[in-house]
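Q: Input file: coords_21.cif. Contents: mmCIF, C-alpha atoms.
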data_query
loop_
_atom_site.label_atom_id
_atom_site.label_comp_id
_atom_site.auth_asym_id
_atom_site.auth_seq_id
_atom_site.Cartn_x
_atom_site.Cartn_y
_atom_site.Cartn_z
CA MET L 37 -100.28 116.87 34.08
CA GLU L 38 -103.68 118.48 33.63
CA LEU L 39 -105.44 120.22 36.53
CA HIS L 40 -108.14 117.53 36.68
CA ASP L 41 -105.37 114.97 37.21
CA VAL L 42 -103.87 117.15 39.93
CA TRP L 43 -107.21 117.34 41.71
CA PHE L 44 -107.71 113.61 41.46
CA VAL L 45 -104.40 113.24 43.31
CA LEU L 46 -105.34 115.91 45.86
CA ILE L 47 -108.67 114.23 46.57
CA ALA L 48 -106.81 110.95 47.05
CA VAL L 49 -104.52 112.72 49.53
CA LEU L 50 -107.49 114.16 51.42
CA TRP L 51 -109.16 110.74 51.72
CA THR L 52 -105.84 109.26 52.79
CA GLY L 53 -105.46 111.88 55.51
CA TYR L 54 -109.03 111.29 56.65
CA PHE L 55 -108.63 107.52 56.91
CA PHE L 56 -105.25 107.87 58.64
CA LEU L 57 -106.59 110.23 61.31
CA GLU L 58 -110.22 109.18 61.62
CA GLY L 59 -109.09 105.56 61.33
CA PHE L 60 -107.56 105.42 64.81
CA ASP L 61 -110.42 107.64 65.96
CA PHE L 62 -112.98 105.03 64.87
CA GLY L 63 -110.75 102.29 66.23
CA VAL L 64 -110.68 103.81 69.71
CA GLY L 65 -114.46 104.08 69.62
CA VAL L 66 -114.72 100.37 68.84
CA LEU L 67 -112.28 99.62 71.66
CA THR L 68 -114.58 101.15 74.26
CA LYS L 69 -116.37 97.78 74.17
CA LEU L 70 -113.45 95.49 73.33
CA LEU L 71 -110.68 96.81 75.57
CA ALA L 72 -112.08 98.87 78.45
CA ARG L 73 -113.17 96.90 81.51
CA ASN L 74 -114.72 99.65 83.59
CA ARG L 75 -115.91 103.24 83.42
CA PRO L 76 -112.55 104.90 84.19
CA GLU L 77 -110.88 102.91 81.41
CA LYS L 78 -113.61 103.91 78.97
CA ARG L 79 -113.01 107.49 79.99
CA VAL L 80 -109.29 107.06 79.32
CA LEU L 81 -109.99 105.77 75.82
CA ILE L 82 -112.39 108.61 75.07
CA ASN L 83 -109.91 111.16 76.42
CA THR L 84 -107.16 109.92 74.07
CA ILE L 85 -109.18 111.21 71.13
CA GLY L 86 -111.26 113.86 72.88
CA PRO L 87 -109.11 116.83 71.81
CA VAL L 88 -108.68 115.70 68.19
CA TRP L 89 -111.70 113.76 66.92
CA ASP L 90 -113.52 116.81 65.55
CA GLY L 91 -110.38 118.13 63.86
CA ASN L 92 -109.94 114.79 62.12
CA GLU L 93 -113.32 115.21 60.44
CA VAL L 94 -112.09 118.37 58.71
CA TRP L 95 -110.41 116.02 56.23
CA LEU L 96 -113.77 114.47 55.37
CA LEU L 97 -115.35 117.86 54.81
CA SER L 98 -112.41 118.88 52.65
CA ALA L 99 -112.57 115.67 50.60
CA GLY L 100 -116.32 115.99 50.06
CA GLY L 101 -116.09 119.69 49.21
CA ALA L 102 -113.19 119.14 46.82
CA THR L 103 -115.09 116.35 45.07
CA PHE L 104 -118.17 118.55 44.71
CA ALA L 105 -116.18 121.47 43.26
CA ALA L 106 -113.61 119.61 41.14
CA PHE L 107 -115.72 116.66 39.91
CA PRO L 108 -119.43 117.59 40.16
CA GLU L 109 -120.54 114.64 37.99
CA TRP L 110 -118.69 112.25 40.29
CA TYR L 111 -120.21 113.88 43.36
CA ALA L 112 -123.74 113.78 41.92
CA THR L 113 -123.57 110.13 40.84
CA LEU L 114 -121.85 109.04 44.06
CA PHE L 115 -124.26 110.72 46.44
CA SER L 116 -127.38 109.77 44.49
CA GLY L 117 -126.37 106.13 44.06
CA PHE L 118 -124.91 105.67 47.54
CA TYR L 119 -127.54 107.82 49.21
CA LEU L 120 -128.65 105.42 51.97
CA PRO L 121 -125.20 104.23 53.15
CA LEU L 122 -123.79 107.76 53.03
CA LEU L 123 -126.82 109.06 54.92
CA LEU L 124 -126.26 106.36 57.54
CA ILE L 125 -122.62 107.42 57.84
CA LEU L 126 -123.68 111.05 58.23
CA VAL L 127 -126.20 110.19 60.94
CA CYS L 128 -123.56 108.14 62.76
CA LEU L 129 -121.07 111.01 62.66
CA ILE L 130 -123.68 113.42 64.02
CA VAL L 131 -124.73 111.09 66.85
CA ARG L 132 -121.08 110.32 67.58
CA GLY L 133 -120.23 113.99 67.99
CA VAL L 134 -123.20 114.49 70.30
CA ALA L 135 -122.18 111.43 72.33
CA PHE L 136 -118.66 112.77 72.90
CA GLU L 137 -120.01 116.11 74.09
CA TYR L 138 -122.99 114.88 76.15
CA ARG L 139 -121.61 111.75 77.84
CA ALA L 140 -120.17 113.57 80.86
CA LYS L 141 -122.97 116.14 81.18
CA ARG L 142 -124.80 114.04 83.75
CA PRO L 143 -123.44 111.64 86.40
CA GLU L 144 -126.09 108.91 86.11
CA GLU L 145 -124.65 105.55 85.11
CA ASN L 146 -127.39 104.77 82.57
CA TRP L 147 -126.91 108.14 80.90
CA GLN L 148 -123.17 107.60 80.45
CA ARG L 149 -123.55 103.94 79.45
CA ASN L 150 -126.03 104.79 76.70
CA TRP L 151 -123.75 107.44 75.21
CA GLU L 152 -120.79 105.03 75.39
CA THR L 153 -122.85 102.46 73.48
CA ALA L 154 -123.62 105.15 70.91
CA ILE L 155 -119.90 105.91 70.54
CA PHE L 156 -119.19 102.22 69.92
CA TRP L 157 -121.81 101.72 67.23
CA THR L 158 -121.27 105.07 65.53
CA SER L 159 -117.59 104.23 65.26
CA LEU L 160 -118.05 100.65 64.05
CA ILE L 161 -120.71 101.34 61.42
CA PRO L 162 -118.87 104.10 59.50
CA ALA L 163 -115.60 102.17 59.71
CA PHE L 164 -117.34 99.31 57.91
CA LEU L 165 -119.41 101.36 55.47
CA TRP L 166 -116.48 103.44 54.21
CA GLY L 167 -114.83 100.23 53.06
CA VAL L 168 -118.05 99.10 51.37
CA ALA L 169 -118.37 102.46 49.61
CA PHE L 170 -114.81 102.55 48.31
CA GLY L 171 -114.98 98.90 47.37
CA ASN L 172 -117.89 99.69 45.08
CA ILE L 173 -116.20 102.79 43.68
CA VAL L 174 -113.10 100.83 42.71
CA HIS L 175 -114.84 97.65 41.57
CA GLY L 176 -117.45 99.53 39.54
CA VAL L 177 -121.20 100.04 39.78
CA LYS L 178 -124.16 100.18 37.41
CA ILE L 179 -123.91 103.57 35.71
CA ASP L 180 -126.04 104.25 32.64
CA GLN L 181 -125.28 106.38 29.59
CA ASP L 182 -126.54 109.53 31.38
CA PHE L 183 -124.04 108.94 34.21
CA ASN L 184 -126.83 108.02 36.62
CA TYR L 185 -126.61 105.12 39.07
CA ALA L 186 -128.92 102.40 37.74
CA GLY L 187 -128.53 99.83 40.50
CA SER L 188 -130.09 99.30 43.92
CA VAL L 189 -128.82 99.36 47.49
CA LEU L 190 -128.54 95.56 47.42
CA ASP L 191 -126.14 95.81 44.45
CA LEU L 192 -123.73 97.66 46.74
CA LEU L 193 -123.60 94.66 49.09
CA ASN L 194 -121.50 92.50 46.79
CA PRO L 195 -118.73 90.19 48.11
CA TYR L 196 -115.85 92.46 47.09
CA ALA L 197 -117.36 95.53 48.76
CA LEU L 198 -118.30 93.62 51.92
CA LEU L 199 -114.73 92.32 52.15
CA GLY L 200 -113.56 95.91 51.77
CA GLY L 201 -115.79 96.88 54.67
CA LEU L 202 -114.31 94.17 56.87
CA VAL L 203 -110.81 95.30 55.91
CA THR L 204 -111.39 98.94 56.86
CA LEU L 205 -113.11 97.93 60.10
CA ALA L 206 -110.25 95.60 61.08
CA LEU L 207 -107.53 98.00 59.92
CA PHE L 208 -109.02 100.97 61.74
CA THR L 209 -109.45 98.88 64.89
CA PHE L 210 -105.80 97.80 64.70
CA HIS L 211 -104.74 101.40 64.07
CA GLY L 212 -106.76 102.49 67.10
CA THR L 213 -105.30 99.75 69.26
CA VAL L 214 -101.70 100.78 68.62
CA PHE L 215 -102.75 104.42 69.14
CA VAL L 216 -104.11 103.49 72.58
CA GLY L 217 -100.82 101.75 73.34
CA LEU L 218 -99.03 104.94 72.34
CA LYS L 219 -101.24 107.26 74.38
CA THR L 220 -101.83 105.38 77.64
CA VAL L 221 -99.95 104.06 80.66
CA GLY L 222 -100.50 101.18 83.02
CA GLU L 223 -102.53 98.03 82.57
CA ILE L 224 -104.64 99.34 79.71
CA ARG L 225 -101.50 99.98 77.69
CA GLU L 226 -100.35 96.38 78.16
CA ARG L 227 -103.74 94.98 77.21
CA ALA L 228 -103.80 97.20 74.15
CA ARG L 229 -100.45 95.77 73.03
CA LYS L 230 -101.71 92.19 73.37
CA LEU L 231 -104.98 92.98 71.60
CA ALA L 232 -103.07 94.70 68.79
CA LEU L 233 -101.29 91.45 67.99
CA ARG L 234 -104.55 89.50 67.70
CA VAL L 235 -106.39 92.19 65.75
CA GLY L 236 -103.35 92.72 63.54
CA LEU L 237 -103.23 89.08 62.48
CA VAL L 238 -106.90 89.12 61.48
CA THR L 239 -106.34 92.41 59.66
CA ALA L 240 -103.36 91.00 57.76
CA LEU L 241 -105.38 88.05 56.47
CA LEU L 242 -108.35 90.18 55.41
CA ALA L 243 -106.17 92.89 53.85
CA LEU L 244 -104.08 90.39 51.90
CA ALA L 245 -107.20 88.78 50.41
CA PHE L 246 -108.75 92.14 49.52
CA LEU L 247 -105.59 93.65 48.02
CA LEU L 248 -104.83 90.56 45.97
CA TRP L 249 -108.40 90.58 44.65
CA THR L 250 -108.02 94.26 43.77
CA GLN L 251 -104.71 93.63 42.02
CA ALA L 252 -106.10 90.73 40.02
CA ASP L 253 -109.17 92.74 39.03
CA ARG L 254 -107.71 96.11 38.02
CA GLY L 255 -104.09 96.26 39.11
CA ASP L 256 -100.89 97.23 37.31
CA GLY L 257 -97.24 97.68 38.25
CA ALA L 258 -97.79 100.80 40.36
CA SER L 259 -100.63 99.24 42.33
CA LEU L 260 -98.50 96.14 42.92
CA VAL L 261 -95.84 98.32 44.55
CA ALA L 262 -98.52 99.84 46.80
CA LEU L 263 -99.80 96.34 47.66
CA VAL L 264 -96.35 95.19 48.72
CA ALA L 265 -95.85 98.38 50.75
CA ALA L 266 -99.19 97.91 52.52
CA VAL L 267 -98.56 94.27 53.44
CA ALA L 268 -94.93 94.86 54.46
CA SER L 269 -95.78 97.85 56.67
CA LEU L 270 -98.58 95.92 58.38
CA VAL L 271 -96.27 92.99 59.13
CA VAL L 272 -93.56 95.28 60.51
CA ALA L 273 -96.20 97.14 62.55
CA LEU L 274 -97.07 93.83 64.21
CA VAL L 275 -93.40 93.22 64.98
CA ALA L 276 -93.08 96.73 66.44
CA ALA L 277 -96.20 96.25 68.57
CA ARG L 278 -94.83 92.98 69.92
CA ALA L 279 -91.56 94.73 70.76
CA ARG L 280 -93.47 97.48 72.64
CA ARG L 281 -92.39 100.13 70.13
CA GLU L 282 -95.76 101.85 70.01
CA GLY L 283 -94.56 104.87 68.07
CA TRP L 284 -93.20 102.76 65.24
CA ALA L 285 -96.25 100.49 65.33
CA PHE L 286 -98.58 103.48 64.98
CA ALA L 287 -96.55 105.03 62.16
CA LEU L 288 -96.44 101.73 60.28
CA SER L 289 -100.14 100.98 60.76
CA GLY L 290 -100.76 104.45 59.37
CA LEU L 291 -98.46 103.67 56.45
CA THR L 292 -100.56 100.57 55.81
CA ILE L 293 -103.64 102.77 55.48
CA VAL L 294 -101.77 105.20 53.22
CA ALA L 295 -100.53 102.42 50.93
CA THR L 296 -103.95 100.74 50.82
CA VAL L 297 -105.77 103.94 49.85
CA ALA L 298 -103.03 104.73 47.33
CA MET L 299 -103.51 101.32 45.74
CA LEU L 300 -107.26 101.86 45.44
CA PHE L 301 -106.84 105.21 43.72
CA LEU L 302 -104.07 103.88 41.49
CA THR L 303 -106.33 101.09 40.25
CA LEU L 304 -109.18 103.58 39.82
CA PHE L 305 -107.38 106.21 37.69
CA PRO L 306 -108.26 107.59 35.13
CA ASN L 307 -111.80 106.58 36.13
CA VAL L 308 -113.50 108.06 39.15
CA MET L 309 -116.47 105.66 38.99
CA PRO L 310 -116.26 102.76 36.53
CA SER L 311 -119.48 101.51 34.95
CA THR L 312 -120.13 97.78 34.99
CA LEU L 313 -122.83 98.18 32.32
CA ASN L 314 -120.56 99.67 29.67
CA PRO L 315 -116.96 100.92 30.08
CA ASP L 316 -117.79 103.85 27.81
CA TRP L 317 -120.31 105.07 30.39
CA SER L 318 -117.70 105.28 33.15
CA LEU L 319 -117.05 108.58 34.87
CA THR L 320 -113.47 109.69 34.33
CA VAL L 321 -111.29 112.58 35.45
CA THR L 322 -112.05 114.17 32.08
CA ASN L 323 -115.80 113.88 31.68
CA ALA L 324 -116.61 114.38 35.37
CA SER L 325 -114.44 117.44 36.07
CA SER L 326 -115.27 121.13 36.39
CA SER L 327 -114.02 123.76 33.97
CA PRO L 328 -110.27 124.58 33.88
CA TYR L 329 -111.00 128.03 35.30
CA THR L 330 -112.80 126.56 38.32
CA LEU L 331 -109.96 124.12 38.93
CA LYS L 332 -107.42 126.94 38.69
CA ILE L 333 -109.20 129.02 41.34
CA MET L 334 -109.51 125.94 43.57
CA THR L 335 -105.80 125.24 43.22
CA TRP L 336 -104.87 128.73 44.45
CA CYS L 337 -107.29 128.46 47.39
CA ALA L 338 -105.96 125.03 48.35
CA ALA L 339 -102.35 126.22 48.13
CA ILE L 340 -103.10 128.97 50.66
CA ALA L 341 -105.47 127.19 53.07
CA THR L 342 -104.04 123.67 53.25
CA PRO L 343 -100.69 124.52 54.94
CA VAL L 344 -102.51 126.61 57.56
CA VAL L 345 -104.88 123.76 58.43
CA MET L 346 -102.07 121.20 58.59
CA VAL L 347 -99.91 123.38 60.84
CA TYR L 348 -102.82 124.05 63.19
CA GLN L 349 -103.78 120.39 63.41
CA GLY L 350 -100.17 119.35 63.95
CA TRP L 351 -99.94 121.87 66.79
CA THR L 352 -103.08 120.36 68.37
CA TYR L 353 -101.54 116.89 68.40
CA TRP L 354 -98.34 118.30 69.88
CA VAL L 355 -100.17 120.04 72.74
CA PHE L 356 -102.08 116.86 73.66
CA ARG L 357 -99.17 114.46 73.14
CA LYS L 358 -98.80 113.15 76.73
CA ARG L 359 -99.89 109.69 77.84
CA ILE L 360 -102.83 109.29 80.20
CA GLY L 361 -104.11 106.56 82.51
CA THR L 362 -106.89 105.87 84.99
CA GLN L 363 -104.97 107.81 87.65
CA HIS L 364 -105.58 110.97 85.64
CA ILE L 365 -109.38 110.53 85.69
CA ALA L 366 -111.14 112.45 88.45
CA GLU L 367 -113.49 110.41 90.64
CA THR L 368 -116.38 112.77 89.94
CA VAL L 369 -116.11 112.14 86.18
CA HIS L 370 -116.45 108.35 86.35
#
The structure in this file should be written as structure tokens.
A:
Amino acid sequence: MELHDVWFVLIAVLWTGYFFLEGFDFGVGVLTKLLARNRPEKRVLINTIGPVWDGNEVWLLSAGGATFAAFPEWYATLFSGFYLPLLLILVCLIVRGVAFEYRAKRPEENWQRNWETAIFWTSLIPAFLWGVAFGNIVHGVKIDQDFNYAGSVLDLLNPYALLGGLVTLALFTFHGTVFVGLKTVGEIRERARKLALRVGLVTALLALAFLLWTQADRGDGASLVALVAAVASLVVALVAARARREGWAFALSGLTIVATVAMLFLTLFPNVMPSTLNPDWSLTVTNASSSPYTLKIMTWCAAIATPVVMVYQGWTYWVFRKRIGTQHIAETVH
């Protein structure tokens, strides 16, 4: 296996880790409007991800940085062609971070309500747009012979990509719902379990349609295995949620995300951005990659830094592993 193939796999792993971790993060943000009934319950939801949301975004920075260094042509075409949606995602992530930090700075109800609304929208919008972006990457976009994006923003809003956006939004919301069931106690935990069943059924229908479309369009034997794994793990996650086995439900909803992302990258390889204008103009792991020397240096750096980051992040989740409920929220913080 060549180094550019190795880095394609590593970038796939980084995006998988990001969607697994930031997925429930986005889902909890969406649930601040769908699940919480009062201010203490909203505070509970926010507190479940408060210690970890910023660490989850390290995976996004790593994926973007690895793409820039390992596949500069891919990075350039992707960020020039998808400029507006990626800019919107970036703005949402910035506002979302500010909202988490500033919400409790003042006690006024309007102040806190406005930041909670910001958390909701800046969680929902990226959850949808990431699916749209990856739907276009996999399905193919208008790339000319100079490897430049030749389409418009409206071209990105095609049926396949929009369905992909609905899938990621629903899947992340389901992932967040089972995470809330895992991290809370009391009435909010029970409501989260019931909501997980309803959201999970909608997610299963959307995901099945999207994955079958993907398989019919670009799939092979390996992607079919990933499709079956994604659907099976989602179904079993629903069964686990119904049985009040939140730990298993969360692990299996995460496995659904892992299998779905794996299927997308399996159908994409050896391309990194297929061209719908001419297959010969597609960006591939070969023509979009950096020099072998650059990839070699990156491999050594990744081998040293990645285990350290993973151990530290795992330790963070272990420290903040306990369940919380409204009884743990101080009156002055409401």
Q: Expressed in Å to a single decimal, how great is the separation between atom CA of His40 of chain L and atom CA of Ser325 of chain L?
A: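 Calculated distance between atom CA of His40 of chain L and atom CA of Ser325 of chain L is 6.3 Å.
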Q: Can you tell me, as a PDB file with C-alpha atoms, in the coordinates of the input, what residues are no more than 12 Å from Glu223 of chain L when counting all atoms listed in the file, ignoring any on the same chain fewer than 4 positions away?
A:
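Okay, this is what ended up in out.pdb:
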ATOM      1  CA  LEU L  71    -110.680  96.810  75.570  1.00  0.00           C
ATOM      2  CA  ALA L  72    -112.080  98.870  78.450  1.00  0.00           C
ATOM      3  CA  ARG L  73    -113.170  96.900  81.510  1.00  0.00           C
ATOM      4  CA  GLU L  77    -110.880 102.910  81.410  1.00  0.00           C
ATOM      5  CA  VAL L  80    -109.290 107.060  79.320  1.00  0.00           C
ATOM      6  CA  VAL L 216    -104.110 103.490  72.580  1.00  0.00           C
ATOM      7  CA  GLY L 217    -100.820 101.750  73.340  1.00  0.00           C
ATOM      8  CA  ARG L 227    -103.740  94.980  77.210  1.00  0.00           C
ATOM      9  CA  ALA L 228    -103.800  97.200  74.150  1.00  0.00           C
ATOM     10  CA  ARG L 229    -100.450  95.770  73.030  1.00  0.00           C
ATOM     11  CA  LYS L 230    -101.710  92.190  73.370  1.00  0.00           C
ATOM     12  CA  ILE L 360    -102.830 109.290  80.200  1.00  0.00           C
ATOM     13  CA  GLY L 361    -104.110 106.560  82.510  1.00  0.00           C
ATOM     14  CA  THR L 362    -106.890 105.870  84.990  1.00  0.00           C
ATOM     15  CA  GLN L 363    -104.970 107.810  87.650  1.00  0.00           C
TER      16      GLN L 363
END
Q: Residues near Ser326 of chain L, anyone? I mean within 10 Å using all atoms listed in the file, not counting same-chain ones fewer than 2 positions away, as a list of chain:residue names.
A: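 Near Ser326 of chain L, the qualifying residues are L:Leu39, L:His40, L:Thr103, L:Phe104, L:Ala105, L:Ala106, L:Phe107, L:Pro108, L:Glu109, L:Val321, L:Thr322, L:Asn323, L:Ala324, L:Pro328, L:Tyr329, L:Thr330, L:Leu331.
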Q: Apply the PyMOL selection byres ((chain L and resi 173) around 9) to the structure shown and report the selected residues as a list in words.
A: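 Matching residues under the PyMOL selection byres ((chain L and resi 173) around 9) are Leu114, Val168, Ala169, Phe170, Gly171, Asn172, Val174, His175, Gly176, Val177, Ala197, Leu304, Val308, Met309 and Pro310 of chain L.
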Q: Once the PyMOL selection byres ((chain L and resi 158) around 10) has been evaluated on this model, what residues remain selected, and can you format them as a list in words?
A: Phe62, Gly65, Val66, Leu124, Ile125, Leu126, Val127, Cys128, Leu129, Ile130, Val131, Arg132, Gly133, Ala135, Glu152, Thr153, Ala154, Ile155, Phe156, Trp157, Ser159, Leu160, Ile161, Pro162 and Ala163 of chain L
Q: Please produce a file of the residues just selected, as a PDB file, in the coordinates of the input, where the atoms kept are C-alpha atoms.
A:
ATOM      1  CA  PHE L  62    -112.980 105.030  64.870  1.00  0.00           C
ATOM      2  CA  GLY L  65    -114.460 104.080  69.620  1.00  0.00           C
ATOM      3  CA  VAL L  66    -114.720 100.370  68.840  1.00  0.00           C
ATOM      4  CA  LEU L 124    -126.260 106.360  57.540  1.00  0.00           C
ATOM      5  CA  ILE L 125    -122.620 107.420  57.840  1.00  0.00           C
ATOM      6  CA  LEU L 126    -123.680 111.050  58.230  1.00  0.00           C
ATOM      7  CA  VAL L 127    -126.200 110.190  60.940  1.00  0.00           C
ATOM      8  CA  CYS L 128    -123.560 108.140  62.760  1.00  0.00           C
ATOM      9  CA  LEU L 129    -121.070 111.010  62.660  1.00  0.00           C
ATOM     10  CA  ILE L 130    -123.680 113.420  64.020  1.00  0.00           C
ATOM     11  CA  VAL L 131    -124.730 111.090  66.850  1.00  0.00           C
ATOM     12  CA  ARG L 132    -121.080 110.320  67.580  1.00  0.00           C
ATOM     13  CA  GLY L 133    -120.230 113.990  67.990  1.00  0.00           C
ATOM     14  CA  ALA L 135    -122.180 111.430  72.330  1.00  0.00           C
ATOM     15  CA  GLU L 152    -120.790 105.030  75.390  1.00  0.00           C
ATOM     16  CA  THR L 153    -122.850 102.460  73.480  1.00  0.00           C
ATOM     17  CA  ALA L 154    -123.620 105.150  70.910  1.00  0.00           C
ATOM     18  CA  ILE L 155    -119.900 105.910  70.540  1.00  0.00           C
ATOM     19  CA  PHE L 156    -119.190 102.220  69.920  1.00  0.00           C
ATOM     20  CA  TRP L 157    -121.810 101.720  67.230  1.00  0.00           C
ATOM     21  CA  SER L 159    -117.590 104.230  65.260  1.00  0.00           C
ATOM     22  CA  LEU L 160    -118.050 100.650  64.050  1.00  0.00           C
ATOM     23  CA  ILE L 161    -120.710 101.340  61.420  1.00  0.00           C
ATOM     24  CA  PRO L 162    -118.870 104.100  59.500  1.00  0.00           C
ATOM     25  CA  ALA L 163    -115.600 102.170  59.710  1.00  0.00           C
TER      26      ALA L 163
END
Q: Can you give me, as a short mmCIF file (atom, residue, chain, number, x, y, z; two decimals) with C-alpha atoms, in the frame of the given file, the residues this file yields under the PyMOL selection byres ((chain L and resi 353-358) around 12)?
A:
data_model
loop_
_atom_site.label_atom_id
_atom_site.label_comp_id
_atom_site.auth_asym_id
_atom_site.auth_seq_id
_atom_site.Cartn_x
_atom_site.Cartn_y
_atom_site.Cartn_z
CA LEU L 57 -106.59 110.23 61.31
CA ASN L 83 -109.91 111.16 76.42
CA THR L 84 -107.16 109.92 74.07
CA ILE L 85 -109.18 111.21 71.13
CA GLY L 86 -111.26 113.86 72.88
CA PRO L 87 -109.11 116.83 71.81
CA VAL L 88 -108.68 115.70 68.19
CA TRP L 89 -111.70 113.76 66.92
CA GLY L 91 -110.38 118.13 63.86
CA ASN L 92 -109.94 114.79 62.12
CA PHE L 215 -102.75 104.42 69.14
CA VAL L 216 -104.11 103.49 72.58
CA LEU L 218 -99.03 104.94 72.34
CA LYS L 219 -101.24 107.26 74.38
CA THR L 220 -101.83 105.38 77.64
CA VAL L 221 -99.95 104.06 80.66
CA GLY L 283 -94.56 104.87 68.07
CA MET L 346 -102.07 121.20 58.59
CA VAL L 347 -99.91 123.38 60.84
CA TYR L 348 -102.82 124.05 63.19
CA GLN L 349 -103.78 120.39 63.41
CA GLY L 350 -100.17 119.35 63.95
CA TRP L 351 -99.94 121.87 66.79
CA THR L 352 -103.08 120.36 68.37
CA ARG L 359 -99.89 109.69 77.84
CA ILE L 360 -102.83 109.29 80.20
CA GLY L 361 -104.11 106.56 82.51
CA HIS L 364 -105.58 110.97 85.64
#
Q: Around (-101.7, 103.8, 41.2) in the file's frame, which residues reach within 8 Å when counting all atoms listed in the file? Return as a PyMOL selection string?
A: chain L and resi 256+258-259+262+298-305
Q: Grab the atom CA of Ala276 of chain L to atom CA of Leu207 of chain L distance for me, in Å with one decimal place.
A: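 These atoms are spaced 15.9 Å apart.
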Q: Expressed in Å to a single decimal, how great is the separation between atom CA of Ile340 of chain L and atom CA of Gly53 of chain L?
A: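 Here the two named atoms are 17.9 Å from each other.
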Q: Go through L:Thr204, L:Ile293, L:Leu192, L:Gly257 and flag the residue nearest Ala273 of chain L, using all atoms listed in the file for the distances.
A: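 Among the listed residues, the smallest separation from Ala273 of chain L belongs to L:Ile293.
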Q: Which residues come within 8 Å of Leu233 of chain L, counting only C-alpha atoms, excluding same-chain residues fewer than 2 positions away, as a PDB file with C-alpha atoms, in the frame of the given file?
A:
ATOM      1  CA  ARG L 229    -100.450  95.770  73.030  1.00  0.00           C
ATOM      2  CA  LYS L 230    -101.710  92.190  73.370  1.00  0.00           C
ATOM      3  CA  LEU L 231    -104.980  92.980  71.600  1.00  0.00           C
ATOM      4  CA  VAL L 235    -106.390  92.190  65.750  1.00  0.00           C
ATOM      5  CA  GLY L 236    -103.350  92.720  63.540  1.00  0.00           C
ATOM      6  CA  LEU L 237    -103.230  89.080  62.480  1.00  0.00           C
ATOM      7  CA  LEU L 274     -97.070  93.830  64.210  1.00  0.00           C
ATOM      8  CA  ALA L 277     -96.200  96.250  68.570  1.00  0.00           C
ATOM      9  CA  ARG L 278     -94.830  92.980  69.920  1.00  0.00           C
TER      10      ARG L 278
END
Q: Closest to Ala268 of chain L among L:Asn74, L:Gly63, L:Pro343, L:Ala240, using all atoms listed in the file?
A: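 Under the stated criterion, the closest residue is L:Ala240.
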Q: Select, from L:Ala186, L:Ala245, L:Leu193, L:Ala252, the residue with the minimum atom-to-atom distance to Leu313 of chain L, counting all atoms listed in the file.
A: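 Checking each of L:Ala186, L:Ala245, L:Leu193, L:Ala252 against Leu313 of chain L, counting all atoms listed in the file, the winner is L:Ala186.
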Q: Using all atoms listed in the file, which of the listed residues (L:Ser116, L:Val297, L:Ala287, L:Arg75) sits closest to Glu144 of chain L?
A: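 Of L:Ser116, L:Val297, L:Ala287, L:Arg75, the one nearest Glu144 of chain L, counting all atoms listed in the file, is L:Arg75.
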Q: Select, from L:Lys78, L:Tyr185, L:Gly117, L:Val134, the residue with the minimum atom-to-atom distance to Thr312 of chain L, counting only C-alpha atoms.
A: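 The answer is L:Tyr185, which sits nearest to Thr312 of chain L.
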Q: Using all atoms listed in the file, which residues sit within 7 Å of His211 of chain L once same-chain residues fewer than 5 positions away are excluded, as an MDAnalysis selection string?
A: chainID L and resid 59:60 63 286 289:290
Q: Find the residue from L:Arg139, L:Leu123, L:Phe246, L:Leu50 that sits nearest to Val203 of chain L; use all atoms listed in the file when measuring.
A: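 Counting all atoms listed in the file, the residue closest to Val203 of chain L is L:Phe246.
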